[in-house]
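Source file: upload.txt; contents: compact mmCIF, C-alpha atoms.
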# COMPACT_ATOMS: atom_id res chain seq x y z
CA MET A 1 2.51 -17.58 25.26
CA GLU A 2 6.25 -18.11 25.68
CA LYS A 3 8.64 -16.63 23.11
CA PHE A 4 8.94 -19.49 20.64
CA PRO A 5 10.92 -19.44 17.37
CA ILE A 6 9.16 -18.47 14.14
CA GLY A 7 10.24 -19.66 10.70
CA ILE A 8 9.75 -17.71 7.48
CA ILE A 9 10.53 -19.40 4.19
CA GLY A 10 11.35 -16.52 1.89
CA GLY A 11 12.20 -14.20 4.75
CA THR A 12 15.34 -12.78 3.15
CA GLY A 13 13.54 -10.10 1.13
CA GLY A 14 10.28 -8.24 0.53
CA ILE A 15 7.32 -8.76 2.84
CA GLY A 16 8.91 -11.87 4.35
CA LYS A 17 11.87 -9.84 5.60
CA TRP A 18 9.51 -7.12 6.82
CA PHE A 19 7.68 -9.59 9.04
CA ALA A 20 10.90 -11.26 10.14
CA ASP A 21 12.01 -7.86 11.45
CA PHE A 22 8.55 -7.28 12.94
CA PHE A 23 8.53 -10.53 14.92
CA MET A 24 12.09 -9.91 16.12
CA ARG A 25 11.05 -6.50 17.41
CA GLN A 26 8.36 -8.31 19.44
CA GLY A 27 11.09 -10.43 21.06
CA TYR A 28 10.80 -13.61 19.00
CA THR A 29 13.66 -15.55 17.46
CA VAL A 30 13.09 -15.75 13.72
CA HIS A 31 14.67 -18.28 11.38
CA VAL A 32 14.59 -17.27 7.72
CA SER A 33 15.48 -19.20 4.61
CA GLY A 34 16.07 -18.19 1.02
CA ARG A 35 16.67 -20.12 -2.18
CA SER A 36 20.12 -21.25 -1.07
CA SER A 37 20.36 -20.18 2.56
CA GLY A 38 18.88 -20.94 5.96
CA MET A 39 17.23 -24.04 7.35
CA ALA A 40 15.85 -26.81 5.17
CA PRO A 41 12.02 -26.93 5.34
CA ASP A 42 11.92 -30.19 7.35
CA ARG A 43 14.30 -28.85 9.98
CA MET A 44 12.46 -25.51 10.19
CA ALA A 45 9.18 -27.38 10.75
CA GLY A 46 10.79 -29.31 13.60
CA VAL A 47 12.27 -26.23 15.27
CA CYS A 48 9.55 -23.60 14.75
CA PRO A 49 5.95 -23.96 16.00
CA ILE A 50 4.98 -21.39 13.36
CA VAL A 51 6.20 -21.52 9.75
CA ILE A 52 5.13 -18.88 7.24
CA VAL A 53 5.66 -19.32 3.50
CA SER A 54 6.52 -16.02 1.80
CA VAL A 55 7.69 -16.84 -1.71
CA PRO A 56 6.53 -15.82 -5.23
CA ILE A 57 3.01 -16.95 -6.13
CA LYS A 58 4.22 -19.47 -8.71
CA GLU A 59 6.43 -21.15 -6.10
CA THR A 60 4.07 -21.05 -3.12
CA CYS A 61 2.22 -24.36 -3.50
CA ARG A 62 5.43 -26.25 -4.28
CA VAL A 63 7.10 -24.89 -1.15
CA ILE A 64 4.01 -25.65 0.96
CA GLU A 65 4.08 -29.25 -0.28
CA THR A 66 7.73 -29.44 0.81
CA VAL A 67 7.28 -28.13 4.36
CA GLY A 68 3.68 -29.15 5.09
CA PRO A 69 4.18 -32.88 5.78
CA HIS A 70 6.78 -32.06 8.47
CA MET A 71 4.55 -29.69 10.46
CA PRO A 72 3.29 -31.17 13.78
CA LYS A 73 -0.44 -31.18 14.44
CA ASP A 74 -0.25 -28.48 17.13
CA SER A 75 1.88 -26.13 15.00
CA LEU A 76 0.77 -23.39 12.57
CA LEU A 77 1.43 -23.26 8.85
CA ALA A 78 0.62 -19.95 7.15
CA ASP A 79 1.45 -18.01 4.00
CA PHE A 80 1.67 -14.40 2.81
CA THR A 81 0.53 -14.97 -0.78
CA SER A 82 -1.60 -12.41 -2.65
CA LEU A 83 -4.04 -15.18 -3.60
CA LYS A 84 -5.51 -17.54 -1.06
CA VAL A 85 -7.64 -20.36 -2.54
CA ASP A 86 -4.85 -22.54 -3.96
CA PRO A 87 -2.28 -21.98 -1.18
CA VAL A 88 -4.84 -22.66 1.56
CA LYS A 89 -6.06 -25.83 -0.18
CA THR A 90 -2.47 -27.00 -0.57
CA MET A 91 -1.76 -26.35 3.11
CA LEU A 92 -4.86 -28.32 4.11
CA ASP A 93 -3.92 -31.21 1.82
CA SER A 94 -0.24 -31.42 2.73
CA SER A 95 -0.23 -30.81 6.48
CA ALA A 96 -2.00 -31.91 9.67
CA SER A 97 -1.16 -28.60 11.38
CA GLU A 98 -3.38 -25.60 12.03
CA ILE A 99 -3.78 -23.47 8.90
CA ILE A 100 -4.23 -19.71 8.51
CA GLY A 101 -3.88 -17.94 5.20
CA LEU A 102 -2.54 -14.40 5.59
CA HIS A 103 -2.38 -11.46 3.19
CA PRO A 104 -0.78 -8.21 4.38
CA LEU A 105 -2.36 -5.50 2.22
CA PHE A 106 0.75 -3.34 2.05
CA GLY A 107 4.33 -3.45 0.84
CA PRO A 108 7.65 -3.67 2.67
CA GLY A 109 8.16 0.10 2.74
CA GLU A 110 5.84 0.67 5.73
CA ALA A 111 7.30 1.61 9.11
CA SER A 112 4.71 -0.21 11.24
CA LEU A 113 1.36 -1.99 11.10
CA SER A 114 -0.51 1.04 12.39
CA GLY A 115 -3.66 1.59 10.31
CA LEU A 116 -2.78 -1.13 7.79
CA ASN A 117 -5.01 -4.03 6.72
CA ILE A 118 -4.20 -7.72 7.05
CA VAL A 119 -6.57 -10.41 5.78
CA LEU A 120 -6.75 -13.61 7.82
CA CYS A 121 -8.23 -16.82 6.42
CA PRO A 122 -8.35 -19.23 9.37
CA VAL A 123 -9.37 -22.64 8.08
CA ARG A 124 -8.18 -25.20 10.62
CA GLY A 125 -7.44 -25.06 14.35
CA GLU A 126 -8.16 -22.62 17.16
CA ARG A 127 -4.94 -22.32 19.13
CA TRP A 128 -2.97 -19.84 17.04
CA LEU A 129 -5.60 -17.37 15.78
CA PRO A 130 -5.90 -15.45 19.09
CA TRP A 131 -2.11 -15.11 19.26
CA LEU A 132 -1.92 -13.74 15.71
CA LYS A 133 -4.73 -11.28 16.32
CA THR A 134 -3.13 -10.04 19.51
CA ILE A 135 0.34 -9.49 18.09
CA PHE A 136 -0.94 -7.73 14.96
CA GLU A 137 -3.57 -5.58 16.67
CA LYS A 138 -1.10 -4.54 19.37
CA ASP A 139 0.90 -2.84 16.61
CA GLY A 140 -2.23 -1.13 15.23
CA ALA A 141 -3.19 -3.42 12.33
CA ARG A 142 -6.77 -3.67 11.10
CA LEU A 143 -7.68 -7.33 10.71
CA ILE A 144 -10.23 -8.73 8.27
CA GLU A 145 -11.33 -12.36 8.49
CA ALA A 146 -12.48 -13.85 5.21
CA LYS A 147 -12.94 -17.11 3.37
CA PRO A 148 -10.21 -17.74 0.76
CA GLU A 149 -12.73 -17.50 -2.09
CA GLU A 150 -14.07 -14.14 -0.85
CA HIS A 151 -10.51 -12.84 -0.49
CA ASP A 152 -9.60 -13.73 -4.08
CA LYS A 153 -12.78 -12.12 -5.45
CA MET A 154 -11.95 -8.90 -3.61
CA MET A 155 -8.34 -8.99 -4.83
CA ALA A 156 -9.51 -9.26 -8.43
CA LEU A 157 -10.66 -5.65 -8.07
CA VAL A 158 -8.37 -4.28 -5.37
CA GLN A 159 -5.20 -5.61 -6.97
CA GLY A 160 -5.95 -7.24 -10.33
CA LEU A 161 -8.00 -4.61 -12.16
CA ASN A 162 -6.19 -1.81 -10.38
CA HIS A 163 -2.75 -3.04 -11.50
CA LEU A 164 -4.02 -3.86 -14.99
CA ASP A 165 -5.25 -0.29 -15.37
CA THR A 166 -1.91 1.04 -14.16
CA ALA A 167 0.02 -1.23 -16.53
CA LEU A 168 -2.10 -0.07 -19.49
CA PHE A 169 -1.60 3.56 -18.46
CA GLY A 170 2.16 3.01 -18.23
CA MET A 171 2.30 1.28 -21.61
CA THR A 172 0.42 4.19 -23.16
CA VAL A 173 2.70 6.80 -21.58
CA LYS A 174 5.77 4.89 -22.75
CA GLY A 175 4.34 4.46 -26.24
CA SER A 176 3.35 8.11 -26.57
CA GLY A 177 6.83 9.09 -27.73
CA ILE A 178 6.85 12.06 -25.33
CA GLU A 179 10.09 12.37 -23.38
CA MET A 180 9.52 11.97 -19.64
CA ASN A 181 11.46 15.11 -18.66
CA LYS A 182 9.18 17.16 -20.93
CA LEU A 183 6.06 15.41 -19.70
CA LEU A 184 6.93 16.08 -16.06
CA ARG A 185 7.00 19.84 -16.75
CA PHE A 186 3.24 19.60 -17.37
CA SER A 187 2.41 17.07 -14.65
CA THR A 188 -0.15 17.43 -11.87
CA PRO A 189 0.00 15.87 -8.39
CA ILE A 190 -2.46 13.17 -9.48
CA PHE A 191 -0.39 12.40 -12.57
CA ASN A 192 2.75 12.17 -10.45
CA SER A 193 1.05 9.68 -8.13
CA ARG A 194 0.09 7.56 -11.15
CA LEU A 195 3.71 7.60 -12.32
CA ASP A 196 4.81 6.46 -8.86
CA HIS A 197 2.38 3.54 -9.09
CA ILE A 198 3.65 2.66 -12.57
CA GLU A 199 7.23 2.63 -11.30
CA LYS A 200 6.22 0.35 -8.42
CA ILE A 201 4.61 -2.18 -10.76
CA PHE A 202 7.31 -2.13 -13.42
CA SER A 203 10.05 -2.50 -10.79
CA ASN A 204 8.63 -5.86 -9.60
CA PRO A 205 7.21 -7.47 -12.75
CA ARG A 206 7.26 -11.03 -11.38
CA LEU A 207 4.89 -10.19 -8.51
CA TYR A 208 2.41 -8.15 -10.53
CA ALA A 209 2.43 -10.47 -13.53
CA ALA A 210 1.41 -13.34 -11.23
CA ILE A 211 -1.35 -11.26 -9.62
CA LEU A 212 -2.75 -10.54 -13.10
CA ALA A 213 -2.31 -14.05 -14.49
CA PHE A 214 -3.49 -16.27 -11.66
CA ASN A 215 -6.61 -14.68 -10.18
CA PRO A 216 -9.53 -16.57 -11.75
CA HIS A 217 -12.02 -13.81 -10.87
CA LEU A 218 -10.21 -11.08 -12.81
CA ARG A 219 -11.61 -11.98 -16.22
CA LYS A 220 -15.17 -10.90 -15.44
CA PHE A 221 -13.97 -7.50 -14.27
CA ILE A 222 -11.85 -7.11 -17.40
CA ASP A 223 -14.96 -7.82 -19.49
CA MET A 224 -16.86 -5.18 -17.52
CA TYR A 225 -13.92 -2.77 -17.93
CA GLN A 226 -13.88 -3.26 -21.70
CA LYS A 227 -17.64 -2.77 -21.93
CA ASN A 228 -17.51 0.44 -19.89
CA LEU A 229 -14.58 1.70 -21.95
CA SER A 230 -16.57 1.15 -25.15
CA VAL A 231 -19.50 3.11 -23.72
CA LEU A 232 -17.26 6.03 -22.76
CA LEU A 233 -15.47 5.99 -26.11
CA GLY A 234 -18.81 6.24 -27.91
CA MET A 235 -19.76 9.31 -25.87
CA ILE A 236 -16.34 10.89 -26.43
CA GLU A 237 -16.48 10.32 -30.18
CA GLU A 238 -19.93 11.95 -30.29
CA GLY A 239 -18.90 14.84 -28.04
CA ASP A 240 -21.77 13.85 -25.74
CA THR A 241 -20.81 15.81 -22.64
CA GLU A 242 -24.24 15.48 -21.06
CA SER A 243 -24.05 11.68 -20.99
CA LEU A 244 -20.45 11.80 -19.76
CA GLU A 245 -21.43 14.19 -16.98
CA ALA A 246 -24.33 11.93 -15.99
CA ILE A 247 -22.04 8.90 -15.70
CA LEU A 248 -19.41 10.80 -13.74
CA LYS A 249 -22.08 12.19 -11.43
CA CYS A 250 -23.25 8.64 -10.64
CA LEU A 251 -19.74 7.81 -9.42
CA GLN A 252 -19.82 10.45 -6.68

Whole structure given in structure tokens:
Amino acid sequence: MEKFPIGIIGGTGGIGKWFADFFMRQGYTVHVSGRSSGMAPDRMAGVCPIVIVSVPIKETCRVIETVGPHMPKDSLLADFTSLKVDPVKTMLDSSASEIIGLHPLFGPGEASLSGLNIVLCPVRGERWLPWLKTIFEKDGARLIEAKPEEHDKMMALVQGLNHLDTALFGMTVKGSGIEMNKLLRFSTPIFNSRLDHIEKIFSNPRLYAAILAFNPHLRKFIDMYQKNLSVLLGMIEEGDTESLEAILKCLQ
């Protein structure tokens, strides 16, 4: 295909900026917009055959409803949101264009797509999917096609429960009353990696709070988590090392 312009709403920071830079490195002109900068959504839809929405989860559907009606039928509307069911439904309802939900499973600190996962949820149209696959795979990405519902179920574990566990760990460390400089003198490499993860979550509370609050599949895993925690606590209180060893062995 010819080098057409690409629009990213929310392309001034985070993963939106990362992909704006990525597409520019591939030779494409990229138009980005922020809260108070760049093209208005209707003009971007008229100029760019591809528009990608990359804004906070709480704002995603509202932004899609703003740009969607202006997208031509042969264009592509996509998003980078961490959840897919609601954004994809909103894109389908508000636009006649082709629709592909996207979720890059990495943050903006990566140097390239090599070895990284991107989920694609193609739900309408056939023109743009081959182009997306080609441009991502050429840079070494691993692509996973999934239905929006399947994606969100997976993210309840991969992101939701994972980040919840990290948040609880961080709250406990903070509430321990132990000064961090003293704690670090006793730290292990694994402990240091946990602290790095805590810092990542606490440095972007808006993103991770939304991931925890809005995934409808997370609750059942939290219930399972609480049940498993109660089982382990009972064994710990009884000093039952044999049962603990048996459980840990099953996880190998």

Select from region 7-36 of chain A every residue with an atom at most 12 Å from any atom of region 62-76 of chain A, then for each give the shortest pair of atoms and their distance in Å to one decimal, using all atoms listed in the file, rows by chain and rising number, as CSV.
residue,atom,partner,partner_atom,distance
A:Gly7,CA,A:Leu76,CA,10.3
A:Ile8,CA,A:Val67,CA,11.2
A:Ile9,CA,A:Val63,CA,8.4
A:Gly10,CA,A:Val63,CA,9.9
A:Ser33,CA,A:Val63,CA,11.7
A:Gly34,CA,A:Val63,CA,11.4
A:Arg35,CA,A:Val63,CA,10.7

Let's have the selection written as an mmCIF file, in the coordinates of the input, with C-alpha atoms.
data_model
loop_
_atom_site.group_PDB
_atom_site.id
_atom_site.type_symbol
_atom_site.label_atom_id
_atom_site.label_comp_id
_atom_site.auth_asym_id
_atom_site.auth_seq_id
_atom_site.Cartn_x
_atom_site.Cartn_y
_atom_site.Cartn_z
ATOM 1 C CA GLY A 7 10.240 -19.660 10.700
ATOM 2 C CA ILE A 8 9.750 -17.710 7.480
ATOM 3 C CA ILE A 9 10.530 -19.400 4.190
ATOM 4 C CA GLY A 10 11.350 -16.520 1.890
ATOM 5 C CA SER A 33 15.480 -19.200 4.610
ATOM 6 C CA GLY A 34 16.070 -18.190 1.020
ATOM 7 C CA ARG A 35 16.670 -20.120 -2.180
#

With a distance cut-off of 6 Å and all atoms listed in the file, select the neighbouring residues of region 114-130 of chain A, excluding the residue or stretch itself and same-chain residues fewer than 3 positions from it, and output the selection as a ChimeraX atom specification. /A:98-105,133,139-147

Go ahead and write the residues just picked, C-alpha atoms, as a PDB file, in the coordinates of the input.
ATOM      1  CA  GLU A  98      -3.380 -25.600  12.030  1.00  0.00           C
ATOM      2  CA  ILE A  99      -3.780 -23.470   8.900  1.00  0.00           C
ATOM      3  CA  ILE A 100      -4.230 -19.710   8.510  1.00  0.00           C
ATOM      4  CA  GLY A 101      -3.880 -17.940   5.200  1.00  0.00           C
ATOM      5  CA  LEU A 102      -2.540 -14.400   5.590  1.00  0.00           C
ATOM      6  CA  HIS A 103      -2.380 -11.460   3.190  1.00  0.00           C
ATOM      7  CA  PRO A 104      -0.780  -8.210   4.380  1.00  0.00           C
ATOM      8  CA  LEU A 105      -2.360  -5.500   2.220  1.00  0.00           C
ATOM      9  CA  LYS A 133      -4.730 -11.280  16.320  1.00  0.00           C
ATOM     10  CA  ASP A 139       0.900  -2.840  16.610  1.00  0.00           C
ATOM     11  CA  GLY A 140      -2.230  -1.130  15.230  1.00  0.00           C
ATOM     12  CA  ALA A 141      -3.190  -3.420  12.330  1.00  0.00           C
ATOM     13  CA  ARG A 142      -6.770  -3.670  11.100  1.00  0.00           C
ATOM     14  CA  LEU A 143      -7.680  -7.330  10.710  1.00  0.00           C
ATOM     15  CA  ILE A 144     -10.230  -8.730   8.270  1.00  0.00           C
ATOM     16  CA  GLU A 145     -11.330 -12.360   8.490  1.00  0.00           C
ATOM     17  CA  ALA A 146     -12.480 -13.850   5.210  1.00  0.00           C
ATOM     18  CA  LYS A 147     -12.940 -17.110   3.370  1.00  0.00           C
TER      19      LYS A 147
END

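The gap separating CA of Asn192 (chain A) from CA of Asn204 (chain A) is 19.0 Å, in Å to one decimal.
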
Excluding same-chain residues fewer than 2 positions from Ile15 (chain A), what lies within 12 Å of it counting all atoms listed in the file, as a PyMOL selection string? chain A and resi 8-13+17-22+52-56+79-82+102-110+207

With 8 Å added on each side, what axis-aligned box encloses every listed atom of region 94-105 of chain A? Give the centre and edge lengths in Å to one decimal, as JSON.
{"center_x": -2.2, "center_y": -18.7, "center_z": 7.1, "size_x": 20.0, "size_y": 42.4, "size_z": 25.8}

Measuring between only C-alpha atoms, which one of A:Val85, A:Leu251, A:Ala246, A:Ile57 shows the shortest distance to Lys153 (chain A)?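 With only C-alpha atoms as the atom set, the closest residue is A:Val85.
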
Distance in Å - CA of Val32 (chain A) versus CA of Val51 (chain A): 9.6 Å

Report, in Å with one decimal, the straight-line distance from CA of Pro49 (chain A) to CA of Met24 (chain A).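 These two atoms are separated by 15.3 Å.
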
Neighbour list for Leu83 (chain A) as a ChimeraX atom specification, cut-off 9 Å, only C-alpha atoms, skip fewer than 4 positions in-chain: /A:57,87,103,148,151-152,155,211,214-215

Restricting the output to C-alpha atoms, write the selected residues as a CSV table (one decimal), in the coordinates of the input.
chain,number,residue,atom,x,y,z
A,57,ILE,CA,3.0,-17.0,-6.1
A,87,PRO,CA,-2.3,-22.0,-1.2
A,103,HIS,CA,-2.4,-11.5,3.2
A,148,PRO,CA,-10.2,-17.7,0.8
A,151,HIS,CA,-10.5,-12.8,-0.5
A,152,ASP,CA,-9.6,-13.7,-4.1
A,155,MET,CA,-8.3,-9.0,-4.8
A,211,ILE,CA,-1.4,-11.3,-9.6
A,214,PHE,CA,-3.5,-16.3,-11.7
A,215,ASN,CA,-6.6,-14.7,-10.2

Of the listed residues A:Ile198, A:Lys174, A:Lys84, A:Asp165, that which approaches Leu229 (chain A) most closely, counting all atoms listed in the file: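 Closest to Leu229 (chain A) of all the choices is A:Asp165.
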
Point out the residue among A:Met91, A:Leu212, A:Cys61, A:Val47 with the least atom-to-atom distance to Leu164 (chain A), counting only C-alpha atoms.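 Going through A:Met91, A:Leu212, A:Cys61, A:Val47 one by one, the smallest distance to Leu164 (chain A) is for A:Leu212.
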